[in-house]
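Working notes for the structure below.
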Amino acid sequence: MYSIDETYKNIEAEFKPRSKWDQGVKETALAVLDSLDMPETVLPDHFGSRRALLLNGADNWREYSYGGCALVCNVDIAARFFTPSEMRRYMADGHDASMAFRGEPLLDLQARALSQAERVISRYAREH
């Protein structure tokens with residue numbers, strides 16, 4: 001397994017997202033690694049140990065998201081994951097920015113992205 005810093009560099013260099021969602025997942029993965037502030041720490045091989053390190057004290061990704069460990073403002077979350085047309089609909093007159101989008105609260109959407117970011121981190125932490 002690679003260190004946190006090496007994993008960060010691997011994701012930056014090798015993960016080439018095509019969609020806005022995947023770009024947001026990449027940014028989220030890098031933000032999670034950056035928040036650990038332990039660049040020389042080698043990520044654990046064991047899934048549970050690696051997840052516990054990444055969660056930084058939270059029980060799951062939903063708690064991580066709702067606990068303020070990631071983005072907290074709905075507009076910031078929307079900007080990270082939404083395409084320009086989705087962003088226009090989200091910011092349209094009559095739509096409150098604190099409301100859910102397509103029935104999903106944005107903090108739940110972010111928790112889903114955090115889960116995918118964990119998989120990206122795990123993939124690029126392994127030596128190829």
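All residue names refer to the structure tokens as shown: chains lettered A, B, ... in order, residues numbered from 1 in each chain, ligands numbered from 1 in order.
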For Arg89 in chain A, find every residue with an atom within 12 Å (counting only C-alpha atoms), except residues of its own chain fewer than 5 positions away, and show them as an mmCIF file with N, CA and C atoms, in the first residue's frame.
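Once everything was written out, this is out_11.cif:
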```cif
data_model
loop_
_atom_site.group_PDB
_atom_site.id
_atom_site.type_symbol
_atom_site.label_atom_id
_atom_site.label_comp_id
_atom_site.auth_asym_id
_atom_site.auth_seq_id
_atom_site.Cartn_x
_atom_site.Cartn_y
_atom_site.Cartn_z
ATOM 1 N N ALA A 78 -23.526 21.420 -4.393
ATOM 2 C CA ALA A 78 -24.097 21.460 -5.742
ATOM 3 C C ALA A 78 -23.042 21.853 -6.769
ATOM 4 N N PHE A 82 -22.834 19.081 -9.587
ATOM 5 C CA PHE A 82 -23.865 19.328 -10.587
ATOM 6 C C PHE A 82 -23.272 19.853 -11.889
ATOM 7 N N THR A 83 -23.888 19.448 -12.992
ATOM 8 C CA THR A 83 -23.548 20.012 -14.296
ATOM 9 C C THR A 83 -24.088 21.443 -14.328
ATOM 10 N N PRO A 84 -23.660 22.263 -15.292
ATOM 11 C CA PRO A 84 -24.200 23.623 -15.376
ATOM 12 C C PRO A 84 -25.724 23.670 -15.484
ATOM 13 N N GLY A 94 -37.593 30.419 -7.079
ATOM 14 C CA GLY A 94 -38.601 29.554 -6.498
ATOM 15 C C GLY A 94 -38.045 28.275 -5.903
ATOM 16 N N HIS A 95 -36.781 27.996 -6.151
ATOM 17 C CA HIS A 95 -36.165 26.815 -5.552
ATOM 18 C C HIS A 95 -35.239 27.283 -4.449
ATOM 19 N N ASP A 96 -35.560 26.917 -3.242
ATOM 20 C CA ASP A 96 -34.763 27.287 -2.081
ATOM 21 C C ASP A 96 -33.476 26.462 -2.087
ATOM 22 N N ALA A 97 -32.325 27.116 -1.953
ATOM 23 C CA ALA A 97 -31.040 26.417 -2.002
ATOM 24 C C ALA A 97 -30.846 25.452 -0.841
ATOM 25 N N ALA A 100 -33.846 19.885 -1.004
ATOM 26 C CA ALA A 100 -33.266 18.723 -1.669
ATOM 27 C C ALA A 100 -33.327 18.912 -3.181
ATOM 28 N N PHE A 101 -32.572 18.123 -3.885
ATOM 29 C CA PHE A 101 -32.591 18.150 -5.336
ATOM 30 C C PHE A 101 -32.977 16.759 -5.805
ATOM 31 N N ARG A 102 -34.045 16.676 -6.570
ATOM 32 C CA ARG A 102 -34.591 15.395 -7.035
ATOM 33 C C ARG A 102 -34.904 14.474 -5.861
#
```
Near Gln116 in chain A, within 8 Å and counting only C-alpha atoms, which residues show up once chain neighbours fewer than 4 positions away are dropped, as a list of chain:residue names? A:Val25, A:Arg112, A:Val120
Just the selected residues (N, CA, C and O atoms), exported as a short mmCIF file (atom, residue, chain, number, x, y, z; two decimals), in the first residue's frame, please.
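Done, and the output landed in part.cif:
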```cif
data_model
loop_
_atom_site.label_atom_id
_atom_site.label_comp_id
_atom_site.auth_asym_id
_atom_site.auth_seq_id
_atom_site.Cartn_x
_atom_site.Cartn_y
_atom_site.Cartn_z
N VAL A 25 -16.28 13.40 -7.38
CA VAL A 25 -15.80 12.28 -6.57
C VAL A 25 -14.28 12.37 -6.43
O VAL A 25 -13.73 12.16 -5.34
N ARG A 112 -23.04 9.77 -0.46
CA ARG A 112 -22.92 8.78 -1.54
C ARG A 112 -21.61 8.98 -2.31
O ARG A 112 -20.90 8.03 -2.63
N VAL A 120 -12.26 4.95 -4.71
CA VAL A 120 -11.19 5.52 -5.53
C VAL A 120 -9.88 5.51 -4.74
O VAL A 120 -8.83 5.11 -5.25
#
```
For Phe81 in chain A, work out the shell of residues within 6 Å, counting only C-alpha atoms and skipping chain neighbours fewer than 6 positions away, then give it as JSON, numbers by chain. {"A": [20, 21, 24]}
